>>> print(open('run-v3.txt').read())   # compact mmCIF, C-alpha atoms and all ligand atoms
# COMPACT_ATOMS: atom_id res chain seq x y z
CA MET A 1 15.49 -0.65 2.39
CA GLU A 2 15.46 2.81 0.98
CA ILE A 3 13.99 5.39 3.34
CA ILE A 4 12.94 8.62 1.66
CA VAL A 5 12.03 11.35 4.12
CA GLN A 6 10.07 14.26 2.69
CA PRO A 7 9.16 17.46 4.53
CA THR A 8 5.43 17.23 3.85
CA TYR A 9 2.67 14.88 2.77
CA ALA A 10 2.40 16.75 -0.56
CA GLN A 11 6.07 16.03 -1.31
CA LEU A 12 5.70 12.40 -0.24
CA VAL A 13 2.83 12.13 -2.73
CA ALA A 14 4.85 13.75 -5.52
CA VAL A 15 7.80 11.36 -5.05
CA SER A 16 5.60 8.25 -4.92
CA ALA A 17 3.55 9.31 -7.97
CA GLU A 18 6.76 9.87 -9.96
CA ILE A 19 8.01 6.37 -9.10
CA ILE A 20 4.78 4.82 -10.37
CA ARG A 21 4.63 7.07 -13.44
CA ASP A 22 8.22 6.17 -14.41
CA ALA A 23 7.50 2.45 -13.97
CA LEU A 24 4.32 2.75 -16.04
CA LEU A 25 6.13 4.57 -18.84
CA LYS A 26 8.65 1.71 -18.95
CA LYS A 27 6.02 -1.04 -18.69
CA PRO A 28 2.51 -0.11 -19.93
CA ASN A 29 1.03 -3.35 -18.59
CA LEU A 30 2.35 -2.70 -15.08
CA VAL A 31 0.86 -4.88 -12.34
CA LEU A 32 0.09 -2.67 -9.37
CA GLY A 33 -0.79 -3.80 -5.87
CA LEU A 34 -2.98 -1.13 -4.34
CA ALA A 35 -3.81 -0.03 -0.82
CA THR A 36 -6.72 1.85 0.69
CA GLY A 37 -6.82 4.16 3.72
CA SER A 38 -6.19 7.89 3.97
CA THR A 39 -2.49 7.82 3.11
CA PRO A 40 -2.59 6.78 -0.59
CA ILE A 41 -5.46 9.12 -1.50
CA GLY A 42 -3.05 11.90 -2.54
CA LEU A 43 -1.09 9.41 -4.65
CA TYR A 44 -4.24 8.36 -6.50
CA GLU A 45 -5.19 12.00 -7.05
CA ALA A 46 -1.71 12.75 -8.42
CA LEU A 47 -1.86 9.78 -10.82
CA ALA A 48 -5.34 10.84 -11.94
CA ARG A 49 -3.95 14.34 -12.65
CA MET A 50 -1.09 12.83 -14.67
CA HIS A 51 -3.68 10.88 -16.66
CA LYS A 52 -5.80 13.96 -17.28
CA THR A 53 -3.08 16.46 -18.08
CA ASP A 54 -0.27 14.33 -19.56
CA GLY A 55 -2.28 11.38 -20.88
CA LEU A 56 -0.63 8.84 -18.56
CA ASP A 57 -2.16 5.64 -19.88
CA PHE A 58 -3.64 3.02 -17.54
CA SER A 59 -5.42 1.01 -20.25
CA GLU A 60 -3.13 -2.00 -19.87
CA VAL A 61 -2.52 -1.73 -16.13
CA ILE A 62 -3.64 -4.62 -13.94
CA THR A 63 -4.35 -4.02 -10.25
CA PHE A 64 -4.75 -6.15 -7.16
CA ASN A 65 -5.97 -4.57 -3.97
CA LEU A 66 -4.59 -5.70 -0.65
CA ASP A 67 -7.81 -6.20 1.24
CA GLU A 68 -11.54 -5.79 1.71
CA TYR A 69 -13.84 -5.91 4.71
CA VAL A 70 -15.89 -9.04 5.28
CA GLY A 71 -19.60 -8.53 5.91
CA ILE A 72 -20.38 -5.48 3.78
CA PRO A 73 -21.34 -5.66 0.09
CA PRO A 74 -19.04 -4.22 -2.60
CA ASN A 75 -21.44 -1.33 -3.20
CA HIS A 76 -21.43 -0.31 0.49
CA PRO A 77 -20.24 3.32 0.79
CA CYS A 78 -17.39 2.23 3.11
CA SER A 79 -16.26 -0.81 1.13
CA TYR A 80 -12.83 -0.76 -0.46
CA HIS A 81 -14.51 -1.44 -3.82
CA THR A 82 -16.31 1.90 -3.45
CA PHE A 83 -13.14 3.58 -2.16
CA MET A 84 -11.10 2.49 -5.18
CA GLU A 85 -13.75 3.55 -7.68
CA MET A 86 -14.17 6.91 -6.02
CA HIS A 87 -10.50 7.74 -5.48
CA PHE A 88 -8.85 6.13 -8.49
CA PHE A 89 -10.56 3.78 -10.93
CA ASN A 90 -13.22 6.28 -12.07
CA ALA A 91 -10.57 8.95 -12.62
CA VAL A 92 -8.28 7.02 -15.00
CA ASN A 93 -8.71 4.86 -18.13
CA ILE A 94 -8.21 1.56 -16.35
CA ARG A 95 -10.32 -1.39 -17.53
CA PRO A 96 -12.74 -2.65 -14.87
CA GLU A 97 -11.90 -6.25 -15.81
CA ASN A 98 -8.23 -5.56 -14.94
CA CYS A 99 -9.03 -4.42 -11.38
CA HIS A 100 -9.04 -7.07 -8.68
CA ILE A 101 -10.25 -6.54 -5.14
CA PRO A 102 -10.90 -9.35 -2.66
CA GLN A 103 -14.57 -10.37 -2.74
CA SER A 104 -15.75 -10.33 0.84
CA THR A 105 -19.11 -11.74 -0.20
CA ALA A 106 -17.57 -14.92 -1.64
CA VAL A 107 -19.29 -17.92 -0.06
CA ALA A 108 -16.27 -20.22 -0.25
CA HIS A 109 -13.64 -17.88 1.16
CA GLU A 110 -10.76 -20.33 1.07
CA GLU A 111 -11.29 -21.10 -2.61
CA PHE A 112 -11.65 -17.41 -3.34
CA CYS A 113 -8.33 -16.67 -1.59
CA GLU A 114 -6.57 -19.39 -3.57
CA ARG A 115 -7.99 -18.01 -6.83
CA TYR A 116 -6.87 -14.50 -5.86
CA GLU A 117 -3.32 -15.70 -5.32
CA ALA A 118 -3.42 -17.63 -8.61
CA ALA A 119 -4.65 -14.53 -10.48
CA ILE A 120 -1.64 -12.56 -9.18
CA VAL A 121 0.70 -15.29 -10.45
CA ASP A 122 -1.15 -15.45 -13.81
CA ALA A 123 -0.66 -11.69 -14.21
CA GLY A 124 3.09 -12.22 -13.84
CA GLY A 125 3.30 -11.11 -10.20
CA ILE A 126 2.95 -7.65 -8.71
CA ASP A 127 5.49 -5.14 -10.03
CA ILE A 128 4.89 -2.45 -7.40
CA GLN A 129 2.91 -2.98 -4.21
CA VAL A 130 1.68 0.22 -2.59
CA LEU A 131 1.40 -0.14 1.19
CA GLY A 132 0.26 1.92 4.12
CA ILE A 133 1.15 1.01 7.69
CA GLY A 134 -1.14 0.70 10.67
CA LYS A 135 -0.31 2.28 14.03
CA ASP A 136 0.10 -1.31 15.21
CA GLY A 137 2.60 -2.04 12.41
CA HIS A 138 0.20 -3.93 10.15
CA ILE A 139 0.52 -4.05 6.37
CA GLY A 140 -2.66 -4.90 4.48
CA PHE A 141 -4.79 -6.18 7.33
CA ASN A 142 -2.00 -8.43 8.59
CA GLU A 143 -2.30 -7.58 12.24
CA PRO A 144 0.46 -8.20 14.82
CA SER A 145 1.07 -11.96 15.23
CA SER A 146 0.28 -12.63 11.55
CA SER A 147 2.60 -15.26 10.16
CA LEU A 148 5.35 -13.62 8.17
CA GLY A 149 4.74 -16.33 5.55
CA SER A 150 0.95 -15.90 5.48
CA ARG A 151 -1.10 -15.95 2.27
CA THR A 152 -4.41 -14.33 1.33
CA ARG A 153 -6.97 -15.21 4.02
CA ILE A 154 -9.47 -13.83 6.50
CA LYS A 155 -8.08 -11.91 9.48
CA THR A 156 -9.78 -10.50 12.56
CA LEU A 157 -9.00 -6.80 13.04
CA THR A 158 -7.41 -5.50 16.22
CA GLN A 159 -9.11 -2.94 18.44
CA SER A 160 -6.48 -0.39 17.34
CA THR A 161 -7.45 -0.92 13.67
CA LEU A 162 -11.18 -0.81 14.41
CA GLU A 163 -10.69 2.51 16.21
CA ALA A 164 -8.45 3.89 13.45
CA ASN A 165 -11.05 3.05 10.80
CA ALA A 166 -14.12 4.16 12.77
CA PRO A 167 -14.10 7.71 11.29
CA HIS A 168 -15.02 6.14 7.93
CA PHE A 169 -18.02 4.50 9.62
CA GLY A 170 -19.52 7.63 11.15
CA GLY A 171 -17.15 7.46 14.12
CA VAL A 172 -18.86 4.30 15.41
CA VAL A 173 -16.27 1.64 16.29
CA ASP A 174 -18.98 -1.04 16.45
CA ALA A 175 -19.99 -0.28 12.86
CA VAL A 176 -16.54 -1.26 11.52
CA PRO A 177 -16.54 -4.83 10.17
CA LYS A 178 -14.54 -7.05 12.52
CA MET A 179 -12.91 -9.12 9.80
CA ALA A 180 -11.30 -8.64 6.42
CA ILE A 181 -9.84 -10.65 3.57
CA THR A 182 -6.23 -9.59 3.15
CA MET A 183 -3.26 -10.59 1.06
CA GLY A 184 -0.83 -12.32 3.39
CA VAL A 185 2.57 -11.05 4.45
CA GLY A 186 4.10 -13.77 2.26
CA THR A 187 1.98 -12.61 -0.68
CA ILE A 188 3.14 -9.02 -0.21
CA MET A 189 6.77 -10.12 0.05
CA GLU A 190 6.55 -11.65 -3.44
CA ALA A 191 5.91 -8.23 -5.02
CA LYS A 192 8.93 -7.16 -7.06
CA GLN A 193 8.94 -3.78 -5.34
CA CYS A 194 7.14 -2.44 -2.27
CA LEU A 195 6.34 1.24 -1.82
CA LEU A 196 5.27 1.97 1.73
CA LEU A 197 3.82 5.41 2.45
CA ALA A 198 3.45 6.84 5.95
CA SER A 199 2.42 10.30 7.03
CA GLY A 200 1.91 11.92 10.40
CA GLU A 201 3.10 11.58 13.95
CA SER A 202 0.66 8.78 14.70
CA LYS A 203 2.75 6.50 12.44
CA ALA A 204 6.15 7.43 13.92
CA GLU A 205 6.34 4.59 16.42
CA ALA A 206 5.27 1.95 13.89
CA ILE A 207 7.81 3.29 11.37
CA SER A 208 10.62 3.23 13.91
CA HIS A 209 9.81 -0.39 14.87
CA ALA A 210 9.43 -1.43 11.23
CA VAL A 211 12.69 0.18 10.07
CA GLU A 212 15.01 -0.04 13.06
CA GLY A 213 13.47 -2.72 15.24
CA PRO A 214 13.83 -6.49 15.05
CA ILE A 215 11.99 -8.46 12.38
CA THR A 216 9.00 -9.82 14.21
CA ALA A 217 5.42 -10.91 13.62
CA GLU A 218 4.57 -8.38 16.36
CA VAL A 219 5.31 -5.68 13.75
CA PRO A 220 4.40 -7.25 10.39
CA ALA A 221 5.87 -4.28 8.44
CA SER A 222 9.31 -5.13 9.90
CA VAL A 223 9.51 -8.11 7.51
CA LEU A 224 10.10 -5.57 4.73
CA GLN A 225 13.68 -5.41 6.03
CA MET A 226 14.03 -8.76 4.22
CA HIS A 227 12.54 -7.46 0.96
CA PRO A 228 15.18 -6.73 -1.69
CA ARG A 229 13.42 -3.67 -3.16
CA THR A 230 11.40 -1.76 -0.61
CA ILE A 231 11.13 2.00 -0.62
CA MET A 232 9.51 3.70 2.35
CA ILE A 233 8.43 7.25 1.62
CA ILE A 234 7.56 9.02 4.82
CA ASP A 235 7.08 12.60 5.94
CA GLU A 236 9.04 14.29 8.73
CA ALA A 237 6.25 13.73 11.22
CA ALA A 238 6.29 9.97 10.62
CA ALA A 239 10.10 9.94 10.68
CA TRP A 240 10.73 11.69 13.98
CA GLN A 241 11.41 8.56 16.02
CA LEU A 242 13.99 7.16 13.59
CA LYS A 243 17.49 7.13 15.07
CA ARG A 244 19.31 7.26 11.76
CA VAL A 245 17.12 9.79 9.97
CA ASP A 246 20.09 12.00 9.03
CA TYR A 247 21.80 9.05 7.40
CA TYR A 248 18.70 8.14 5.37
CA LYS A 249 18.51 11.73 4.13
CA GLN A 250 22.17 11.64 3.20
CA VAL A 251 21.72 8.37 1.28
CA TYR A 252 18.80 9.85 -0.67
CA ALA A 253 20.65 13.11 -1.40
CA ASN A 254 23.67 11.17 -2.70
CA LYS A 255 21.46 9.02 -4.89
CA GLN A 256 19.76 12.08 -6.38
CA LYS A 257 23.21 13.60 -7.02
CA LEU A 258 24.37 10.49 -8.88
CA LEU A 259 21.15 10.40 -10.91
CA SER A 260 21.53 14.08 -11.86
CA GLN A 261 25.05 13.26 -13.08
CA GLY A 262 23.58 10.58 -15.32
CA HIS A 263 24.66 7.50 -13.36
P1 LIG A 301 -4.22 4.98 6.84
O1 LIG A 301 -4.20 3.39 7.01
O2 LIG A 301 -3.56 5.27 5.54
O3 LIG A 301 -5.68 5.32 6.82
O4 LIG A 301 -3.50 5.54 8.01
C1 LIG A 301 -3.03 2.70 6.79
C2 LIG A 301 -3.21 1.25 7.16
O5 LIG A 301 -3.96 0.95 8.10
O6 LIG A 301 -2.61 0.39 6.51
>>> encode(input="run-v3.txt", output="structure tokens")
Amino acid sequence: MEIIVQPTYAQLVAVSAEIIRDALLKKPNLVLGLATGSTPIGLYEALARMHKTDGLDFSEVITFNLDEYVGIPPNHPCSYHTFMEMHFFNAVNIRPENCHIPQSTAVAHEEFCERYEAAIVDAGGIDIQVLGIGKDGHIGFNEPSSSLGSRTRIKTLTQSTLEANAPHFGGVVDAVPKMAITMGVGTIMEAKQCLLLASGESKAEAISHAVEGPITAEVPASVLQMHPRTIMIIDEAAAWQLKRVDYYKQVYANKQKLLSQGH
């Protein structure tokens, strides 16, 4: 795992946007796995700016979102469909037919989940999966105790997640849907690269367990220790509980030095 510690959220955003921009310049039909939540909003804004000012082209990009609430329609103001349109899709030249988000209103959920997985495979697999992390260590909506081999399915959200997401529902915990369709941990692990973003002190414990703790279903993000190409980009506040933070900074500085020398 590569751990990139940046002083601020703005710098975390800049580094993550550059990684995606560089990948997109190399592969115009990049397959992106996308996340919702507060953390990636800056990333989406930065990519939208790159589209507007530098003409970064999303016309061939294919996207798959991690998850969607069950029980609210796609046009609900708090749905992840609405979130993605508002924060990203409407701001770039992506084709609506190339954007995939789990359909929480699907009647036959199991069949829908199988089709969602098949669509990822048909697209050639996810090149870069953007991830946030929950305070409880979840990735997507794979809450603690999720099988580390799980596939796209319906999950019940933990109290911690309901509380964390309540601000988006007028601060009312009871208004947050109790279930979601989410890509599984196993689905996420098949992405060619994972880019996990974490900002703020409230994520420090989850980050320390995920990076330096044992691999366990109790902290689903810890399975990323087994992923061959995971980059975690975190700010100082989210990094403060890491024991080896100086080492991670040294690794990153050395890598930048080699890159600047043309290696
Ligand atoms: P956040 O959510 O970015 O809103 O903190 C992250 C997550 O729950 O995965």
>>> residues_near_ligand(input="run-v3.txt", ligand="ligand LIG 301 (chain A)", cutoff="9 Å", atoms="all atoms listed in the file", output="list in words")
Ala35, Thr36, Gly37, Ser38, Thr39, Pro40, Ile41, Leu131, Gly132, Ile133, Gly134, Lys135, Asp136, Gly137, His138, Ile139, Gly140, Phe141, Thr161, Ala164, Asn165, Leu197, Ala198, Ser199, Gly200, Ser202 and Lys203 of chain A
>>> closest_residue(input="run-v3.txt", among="A:Ala210, A:Met179, A:Leu224, A:Gly125", to="Leu148 of chain A", atoms="all atoms listed in the file")
A:Leu224
>>> closest_atom_pairs(input="run-v3.txt", of="segment 156-243 of chain A", to="segment 12-24 of chain A", cutoff="7 Å", atoms="only C-alpha atoms", output="tab-separated table")
residue	atom	partner	partner_atom	distance
A:Ile233	CA	A:Leu12	CA	6.1
A:Ile234	CA	A:Leu12	CA	6.4
A:Asp235	CA	A:Leu12	CA	6.3
>>> atom_distance(input="run-v3.txt", atom1="atom CA of Cys78 of chain A", atom2="atom CA of Glu205 of chain A")
27.3 Å
>>> closest_residue(input="run-v3.txt", among="A:Ile128, A:Leu56, A:Ile72, A:Val92", to="Lys178 of chain A", atoms="all atoms listed in the file")
A:Ile72
>>> atom_distance(input="run-v3.txt", atom1="atom CA of Ile120 of chain A", atom2="atom CA of Lys27 of chain A")
16.8 Å
>>> residues_around(input="run-v3.txt", residues="His76 of chain A", least_positions_apart="5", cutoff="12 Å", atoms="all atoms listed in the file", output="CSV table (one decimal) with C-alpha atoms, in the frame of the given file")
chain,number,residue,atom,x,y,z
A,68,GLU,CA,-11.5,-5.8,1.7
A,69,TYR,CA,-13.8,-5.9,4.7
A,70,VAL,CA,-15.9,-9.0,5.3
A,71,GLY,CA,-19.6,-8.5,5.9
A,81,HIS,CA,-14.5,-1.4,-3.8
A,82,THR,CA,-16.3,1.9,-3.4
A,83,PHE,CA,-13.1,3.6,-2.2
A,85,GLU,CA,-13.8,3.6,-7.7
A,104,SER,CA,-15.8,-10.3,0.8
A,105,THR,CA,-19.1,-11.7,-0.2
A,168,HIS,CA,-15.0,6.1,7.9
A,169,PHE,CA,-18.0,4.5,9.6
A,177,PRO,CA,-16.5,-4.8,10.2
>>> residues_around(input="run-v3.txt", residues="His209 of chain A", least_positions_apart="5", cutoff="8 Å", atoms="only C-alpha atoms", output="ChimeraX atom specification")
/A:137,214,219,222
